[in-house]
$ cat target.txt   # compact mmCIF, C-alpha atoms
# COMPACT_ATOMS: atom_id res chain seq x y z
CA MET Q 18 124.51 81.86 89.36
CA ASN Q 19 122.97 80.70 92.62
CA ALA Q 20 121.61 83.33 95.01
CA PRO Q 21 123.78 83.90 98.09
CA SER Q 22 122.67 82.22 101.29
CA PRO Q 23 120.63 84.48 103.57
CA ARG Q 24 122.31 85.96 106.61
CA ALA Q 25 121.32 84.63 109.99
CA ALA Q 26 118.01 86.22 110.99
CA GLN Q 27 117.88 88.23 114.21
CA GLN Q 28 115.27 86.99 116.67
CA VAL Q 29 112.50 89.50 117.44
CA ASP Q 30 112.06 88.99 121.17
CA ASP Q 31 111.58 91.29 124.15
CA ALA Q 32 115.28 92.05 124.39
CA ALA Q 33 115.50 92.99 120.72
CA LEU Q 34 112.43 95.22 120.96
CA HIS Q 35 113.74 96.97 124.07
CA ALA Q 36 116.98 97.68 122.20
CA TRP Q 37 115.04 98.96 119.17
CA PRO Q 38 112.39 101.23 120.69
CA LEU Q 39 109.62 102.81 118.67
CA PRO Q 40 109.75 106.58 118.23
CA LEU Q 41 107.69 108.26 120.95
CA PRO Q 42 105.88 111.60 120.55
CA ASP Q 43 106.80 114.54 122.70
CA HIS Q 44 104.75 114.79 125.87
CA ASP Q 45 103.58 118.26 124.83
CA GLY Q 46 102.98 117.29 121.19
CA ASP Q 47 99.57 117.20 119.49
CA LYS Q 48 98.01 114.68 117.13
CA GLU Q 49 99.99 116.09 114.21
CA THR Q 50 103.26 114.99 115.83
CA ARG Q 51 102.03 111.37 116.06
CA GLY Q 52 101.79 111.03 112.30
CA ARG Q 53 99.15 110.75 109.61
CA VAL Q 54 98.13 107.51 107.92
CA VAL Q 55 96.23 107.25 104.65
CA ILE Q 56 94.60 103.83 104.20
CA VAL Q 57 93.12 102.71 100.88
CA ALA Q 58 91.07 99.64 101.71
CA GLY Q 59 87.75 97.82 101.72
CA GLY Q 60 84.90 97.60 99.28
CA ARG Q 61 81.33 96.40 98.85
CA GLU Q 62 81.95 92.82 99.97
CA VAL Q 63 84.66 93.35 102.60
CA PRO Q 64 84.17 96.76 104.23
CA GLY Q 65 85.19 95.32 107.59
CA ALA Q 66 88.82 94.96 106.49
CA ALA Q 67 89.06 98.74 106.19
CA ILE Q 68 87.65 99.17 109.69
CA LEU Q 69 90.06 96.62 111.17
CA SER Q 70 93.11 98.26 109.57
CA ALA Q 71 92.07 101.78 110.48
CA ARG Q 72 91.35 100.98 114.12
CA ALA Q 73 94.67 99.16 114.39
CA ALA Q 74 96.56 102.17 113.00
CA LEU Q 75 94.93 104.39 115.62
CA ARG Q 76 95.66 101.89 118.40
CA ALA Q 77 99.28 101.81 117.24
CA GLY Q 78 99.47 105.49 118.14
CA ALA Q 79 98.95 107.32 114.85
CA GLY Q 80 97.47 110.76 115.35
CA LYS Q 81 95.19 110.89 112.30
CA VAL Q 82 93.84 108.31 109.86
CA LEU Q 83 92.17 109.06 106.55
CA LEU Q 84 90.43 106.05 105.05
CA ALA Q 85 89.71 105.94 101.32
CA THR Q 86 87.20 103.25 100.40
CA GLY Q 87 84.36 102.50 98.02
CA GLU Q 88 81.65 105.14 97.87
CA SER Q 89 79.00 102.46 98.46
CA VAL Q 90 80.33 101.71 101.97
CA ALA Q 91 82.01 104.97 102.97
CA MET Q 92 79.13 106.34 105.04
CA ALA Q 93 78.64 103.11 106.98
CA ILE Q 94 82.35 102.96 107.82
CA ALA Q 95 82.37 106.61 108.89
CA MET Q 96 79.52 105.91 111.29
CA ALA Q 97 81.21 102.77 112.65
CA VAL Q 98 84.54 104.50 113.35
CA PRO Q 99 83.90 108.16 114.16
CA GLU Q 100 87.62 108.84 114.72
CA LEU Q 101 88.27 108.54 110.97
CA ARG Q 102 88.07 110.90 108.08
CA VAL Q 103 86.47 108.80 105.31
CA LEU Q 104 86.72 109.45 101.59
CA GLY Q 105 84.36 107.63 99.21
CA LEU Q 106 85.86 106.67 95.84
CA ARG Q 107 84.42 105.53 92.52
CA GLU Q 108 84.11 101.76 92.19
CA THR Q 109 84.63 99.40 89.27
CA ALA Q 110 81.95 96.99 88.10
CA GLU Q 111 83.83 94.21 89.94
CA GLY Q 112 83.67 96.09 93.25
CA GLY Q 113 87.20 97.49 93.25
CA LEU Q 114 88.35 101.10 93.41
CA ASP Q 115 88.72 102.94 90.13
CA PRO Q 116 92.46 103.41 89.37
CA THR Q 117 91.77 106.92 88.07
CA CYS Q 118 91.12 107.89 91.71
CA ALA Q 119 94.90 108.03 92.17
CA GLU Q 120 94.84 111.68 91.15
CA GLN Q 121 92.19 112.44 93.76
CA LEU Q 122 94.14 110.54 96.44
CA GLU Q 123 97.50 112.12 95.67
CA LYS Q 124 96.84 115.35 97.56
CA PHE Q 125 96.02 113.39 100.71
CA ALA Q 126 98.79 110.81 100.38
CA GLU Q 127 101.43 113.47 99.76
CA CYS Q 128 100.78 114.85 103.25
CA ALA Q 129 100.84 111.44 104.94
CA ASN Q 130 103.58 109.81 106.98
CA ALA Q 131 102.45 106.35 105.91
CA LEU Q 132 100.29 104.97 103.10
CA LEU Q 133 98.63 101.55 103.39
CA ILE Q 134 96.93 100.01 100.35
CA GLY Q 135 95.13 96.73 99.97
CA PRO Q 136 93.16 95.31 102.92
CA GLY Q 137 89.84 93.91 101.75
CA MET Q 138 90.10 95.33 98.23
CA GLN Q 139 88.44 93.51 95.33
CA ASP Q 140 89.28 93.53 91.61
CA GLU Q 141 92.97 92.58 91.63
CA ASP Q 142 93.77 94.31 88.34
CA ALA Q 143 92.20 97.61 89.42
CA THR Q 144 93.85 97.44 92.84
CA GLY Q 145 97.26 96.78 91.33
CA ALA Q 146 96.86 99.65 88.89
CA LEU Q 147 95.77 102.03 91.64
CA ALA Q 148 98.65 101.02 93.89
CA GLN Q 149 101.15 101.41 91.06
CA ALA Q 150 99.79 104.85 90.19
CA LEU Q 151 100.06 106.00 93.79
CA ARG Q 152 103.59 104.58 93.99
CA GLN Q 153 104.60 106.73 91.04
CA ARG Q 154 102.85 109.85 92.33
CA CYS Q 155 103.94 109.59 95.98
CA GLU Q 156 107.46 108.17 95.78
CA HIS Q 157 108.67 109.72 99.03
CA VAL Q 158 105.76 108.47 101.19
CA PRO Q 159 106.53 105.22 103.08
CA MET Q 160 104.16 102.60 101.66
CA VAL Q 161 102.74 99.33 102.97
CA LEU Q 162 101.12 97.03 100.40
CA ASP Q 163 98.80 94.27 101.53
CA ALA Q 164 96.64 91.62 99.84
CA THR Q 165 95.88 92.33 96.16
CA ALA Q 166 97.90 95.58 96.19
CA MET Q 167 101.17 93.67 96.63
CA ALA Q 168 101.42 93.02 92.90
CA ALA Q 169 102.47 96.65 92.52
CA ALA Q 170 105.75 95.84 94.27
CA LEU Q 171 106.92 93.36 91.62
CA GLN Q 172 110.01 94.46 89.72
CA GLN Q 173 110.28 97.55 91.85
CA PRO Q 174 112.90 99.93 90.35
CA THR Q 175 116.01 99.96 92.53
CA GLU Q 176 116.25 103.75 92.48
CA ARG Q 177 112.98 104.09 94.40
CA GLN Q 178 112.76 103.65 98.14
CA PRO Q 179 111.50 100.19 99.10
CA VAL Q 180 107.88 99.46 99.86
CA LEU Q 181 106.78 96.92 102.48
CA ILE Q 182 104.71 93.89 101.51
CA THR Q 183 102.98 91.45 103.85
CA PRO Q 184 102.33 88.11 102.08
CA HIS Q 185 101.49 84.78 103.66
CA ALA Q 186 102.95 81.67 102.02
CA GLY Q 187 100.13 81.30 99.50
CA GLU Q 188 100.37 84.93 98.43
CA MET Q 189 104.16 84.69 98.17
CA ALA Q 190 103.79 81.66 95.91
CA HIS Q 191 101.32 83.57 93.73
CA LEU Q 192 103.59 86.61 93.49
CA SER Q 193 106.86 84.77 92.93
CA GLY Q 194 105.67 81.89 90.76
CA ASP Q 195 107.15 79.38 93.20
CA SER Q 196 105.10 76.63 94.79
CA LYS Q 197 103.56 77.15 98.20
CA GLU Q 198 105.40 74.02 99.34
CA SER Q 199 108.79 75.49 98.42
CA VAL Q 200 107.98 78.74 100.23
CA LEU Q 201 106.99 76.82 103.36
CA ALA Q 202 110.08 74.62 103.11
CA ASP Q 203 112.46 77.60 103.33
CA PRO Q 204 110.58 80.78 104.19
CA GLN Q 205 113.67 82.82 105.06
CA THR Q 206 115.20 82.23 101.64
CA ALA Q 207 111.86 83.00 100.01
CA ALA Q 208 111.57 86.29 101.90
CA CYS Q 209 115.18 87.33 101.27
CA THR Q 210 115.02 86.44 97.58
CA ALA Q 211 111.81 88.42 97.11
CA ALA Q 212 113.17 91.41 99.03
CA ARG Q 213 116.25 91.55 96.81
CA ARG Q 214 114.37 90.91 93.57
CA TRP Q 215 111.62 93.46 94.18
CA ASN Q 216 113.56 96.05 96.21
CA ALA Q 217 111.07 95.62 99.02
CA VAL Q 218 110.90 94.96 102.71
CA VAL Q 219 109.10 91.62 102.94
CA ALA Q 220 107.20 90.36 105.98
CA LEU Q 221 106.44 86.73 105.11
CA LYS Q 222 103.68 85.90 107.59
CA GLY Q 223 103.08 82.63 109.37
CA ALA Q 224 103.35 81.00 112.78
CA THR Q 225 106.99 81.97 112.27
CA THR Q 226 107.31 85.27 110.39
CA PHE Q 227 110.43 86.29 108.49
CA ILE Q 228 111.15 89.95 107.71
CA ALA Q 229 113.77 90.72 105.07
CA ARG Q 230 115.34 93.84 103.59
CA PRO Q 231 116.77 94.13 100.07
CA ASP Q 232 120.31 94.26 101.51
CA GLY Q 233 119.95 90.78 103.04
CA ARG Q 234 119.31 91.70 106.65
CA ALA Q 235 116.57 89.58 108.18
CA TRP Q 236 114.55 89.15 111.36
CA VAL Q 237 112.43 86.25 112.61
CA HIS Q 238 109.53 86.14 115.03
CA ASP Q 239 107.93 82.98 116.42
CA ALA Q 240 104.27 83.64 117.22
CA GLY Q 241 103.01 80.13 117.89
CA ASN Q 242 99.41 81.31 118.37
CA ALA Q 243 96.82 79.39 116.35
CA GLY Q 244 94.09 81.85 117.33
CA LEU Q 245 95.66 84.52 115.11
CA ALA Q 246 94.85 82.42 112.04
CA THR Q 247 91.41 83.98 111.70
CA ALA Q 248 89.63 86.21 109.20
CA GLY Q 249 90.74 89.83 109.45
CA SER Q 250 93.88 89.16 111.49
CA GLY Q 251 96.14 90.23 108.63
CA ASP Q 252 94.17 93.45 108.20
CA VAL Q 253 94.89 94.30 111.83
CA LEU Q 254 98.58 93.57 111.35
CA ALA Q 255 98.77 95.79 108.26
CA GLY Q 256 97.15 98.65 110.17
CA LEU Q 257 99.55 98.26 113.10
CA ILE Q 258 102.54 98.39 110.77
CA ALA Q 259 101.22 101.50 109.02
CA GLY Q 260 100.60 103.18 112.39
CA PHE Q 261 104.15 102.49 113.52
CA VAL Q 262 105.53 103.82 110.22
CA ALA Q 263 103.52 107.01 110.71
CA ARG Q 264 105.12 107.43 114.14
CA GLY Q 265 108.53 107.48 112.44
CA ALA Q 266 109.64 103.83 112.44
CA ALA Q 267 111.55 102.48 109.46
CA LEU Q 268 109.68 99.88 107.43
CA GLU Q 269 111.59 96.91 108.85
CA GLN Q 270 111.23 98.21 112.42
CA ALA Q 271 107.51 98.81 111.94
CA ALA Q 272 107.13 95.27 110.58
CA ALA Q 273 109.04 93.71 113.49
CA TRP Q 274 107.07 95.65 116.08
CA GLY Q 275 103.81 95.05 114.25
CA VAL Q 276 104.31 91.29 114.16
CA ALA Q 277 105.42 91.18 117.81
CA VAL Q 278 102.60 93.38 119.13
CA HIS Q 279 100.03 91.52 117.04
CA ALA Q 280 101.20 88.20 118.50
CA ARG Q 281 101.19 89.48 122.07
CA ALA Q 282 97.70 90.92 121.64
CA GLY Q 283 96.62 87.46 120.53
CA ARG Q 284 98.21 85.88 123.58
CA ARG Q 285 96.35 88.24 125.88
CA LEU Q 286 93.06 87.28 124.25
CA ALA Q 287 93.93 83.58 124.30
CA ALA Q 288 94.52 83.78 128.04
CA ARG Q 289 91.27 85.63 128.70
CA VAL Q 290 88.87 84.33 126.01
CA GLY Q 291 90.35 81.01 124.88
CA SER Q 292 93.04 79.79 122.54
CA LEU Q 293 90.62 79.64 119.59
CA GLY Q 294 87.57 81.70 118.79
CA TYR Q 295 88.60 85.24 119.65
CA LEU Q 296 87.96 87.72 116.84
CA ALA Q 297 90.30 89.89 114.81
CA SER Q 298 88.16 92.86 115.81
CA GLU Q 299 89.16 92.25 119.43
CA LEU Q 300 92.92 92.45 118.80
CA ALA Q 301 93.32 96.21 118.43
CA ALA Q 302 91.93 96.99 121.88
CA GLU Q 303 94.78 94.96 123.41
CA VAL Q 304 97.48 96.93 121.61
CA PRO Q 305 97.92 99.97 123.90
CA ALA Q 306 98.53 97.77 126.95
CA VAL Q 307 101.00 95.61 124.99
CA LEU Q 308 102.85 98.72 123.85
CA ASP Q 309 103.02 100.10 127.38
CA GLN Q 310 104.40 96.78 128.59
CA LEU Q 311 107.04 96.54 125.87
CA SER Q 312 107.99 100.22 125.95
CA GLY Q 313 107.85 100.72 129.71
CA THR Q 314 105.47 103.65 129.30
CA ALA Q 315 102.59 102.50 131.49
CA VAL Q 316 100.97 105.29 133.51
CA ASP Q 317 100.17 104.70 137.19
CA PRO Q 318 96.46 105.14 137.97
$ encode --input "target.txt" --output "structure tokens"
Amino acid sequence: MNAPSPRAAQQVDDAALHAWPLPLPDHDGDKETRGRVVIVAGGREVPGAAILSARAALRAGAGKVLLATGESVAMAIAMAVPELRVLGLRETAEGGLDPTCAEQLEKFAECANALLIGPGMQDEDATGALAQALRQRCEHVPMVLDATAMAAALQQPTERQPVLITPHAGEMAHLSGDSKESVLADPQTAACTAARRWNAVVALKGATTFIARPDGRAWVHDAGNAGLATAGSGDVLAGLIAGFVARGAALEQAAAWGVAVHARAGRRLAARVGSLGYLASELAAEVPAVLDQLSGTAVDP
């Protein structure tokens, strides 16, 4: 039987975001009320991905971020981002994180409002096993899976709450077994089919990004910013989404806001620095001003 045609996707524009505001903390609240994020990311060869994701989660408004990464790079990351709590984990021979660390991570993840796994992680098999183990141990914690961790979302049991995955077209082809060309030819159908099949919220990234829920609802955002196609940009996006989830946003709302804020941060840099050549590490600093603009929460000097 052929899959049903996807519903019309709702455009993620300023009007849609204004009608779908992010949860805001109380004015008299402390950092605990802004949510906790646990990020499992990075490794010997790509420690910067962990830094990019963690800074983005903080810039998104999360109150606390705990970063779990390889023990070989944990101290350097802690020195680079003093706002973090950093946990060093055992590493595999291939440079990944040992899946048996899931037991050690459980006590931290259980207290989190959002769990992000995957940015910059090596050893695909070990990463998938670790993500799957955490999924089983922390079923109630909203989870964002990125990069090599996304394999843990495949054949997601329908009785569990959905996870959010963030593939680009090449990663979607790898996960689904379809060709990259077919994904690019009809990205909305690819996203909706994957969301239904894997019981996941899918943010299929590209110049035009499609976000789909398992129930068929979908959103579309047109970024049109070539400068965002740079190393580390996806790590920033994953951190933004996790930060918004920690603040209380549903997975699909966090994805829509993450994609929109990420794109607008890129536009600000393109206008100031140039359309190409700005760095992913520069994106997060633009986020608070973008959020104030979209949310109408700017403070007069």
$ closest_atom_pairs --input "target.txt" --of "region 71-126 of chain Q" --to "region 279-298 of chain Q" --cutoff "12 Å" --atoms "all atoms listed in the file" --output "tab-separated table"
residue	atom	partner	partner_atom	distance
Q:Ala71	CA	Q:Ser298	CA	11.1
Q:Arg72	CA	Q:Ser298	CA	8.9
Q:Ala73	CA	Q:Ser298	CA	9.2
Q:Ala74	CA	Q:His279	CA	11.9
Q:Arg76	CA	Q:His279	CA	11.3
Q:Ala77	CA	Q:His279	CA	10.3
$ residues_around --input "target.txt" --residues "Asp115 (chain Q)" --least-positions-apart "3" --cutoff "9 Å" --atoms "all atoms listed in the file" --output "JSON, numbers by chain"
{"Q": [106, 107, 108, 109, 118, 119, 143, 144, 146, 147]}
$ residues_around --input "target.txt" --residues "Ala207 (chain Q)" --least-positions-apart "2" --cutoff "12 Å" --atoms "all atoms listed in the file" --output "NGL selection string"
:Q and (20 or 22-23 or 184-190 or 192-205 or 209-215 or 219-222 or 226-230 or 233 or 235)
$ residues_around --input "target.txt" --residues "region 267-272 of chain Q" --least-positions-apart "6" --cutoff "9 Å" --atoms "all atoms listed in the file" --output "list in words"
Trp37, Pro38, Leu39, Pro159, Met160, Val161, Pro179, Val180, Leu181, Thr183, Val218, Val219, Ala220, Ile228, Ala229, Arg230, Ala235, Trp236, Leu254, Ala255, Leu257, Ile258, Ala259, Gly260 and Phe261 of chain Q
$ atom_distance --input "target.txt" --atom1 "CA of Glu100 (chain Q)" --atom2 "CA of Val82 (chain Q)"
7.9 Å
$ residues_around --input "target.txt" --residues "Leu84 (chain Q)" --least-positions-apart "6" --cutoff "10 Å" --atoms "all atoms listed in the file" --output "PyMOL selection string"
chain Q and resi 54-59+67-68+70-71+91+94-95+101-105+133
$ closest_residue --input "target.txt" --among "Q:Ala148, Q:Met96, Q:Ala266, Q:Ala302" --to "Pro116 (chain Q)" --atoms "all atoms listed in the file"
Q:Ala148
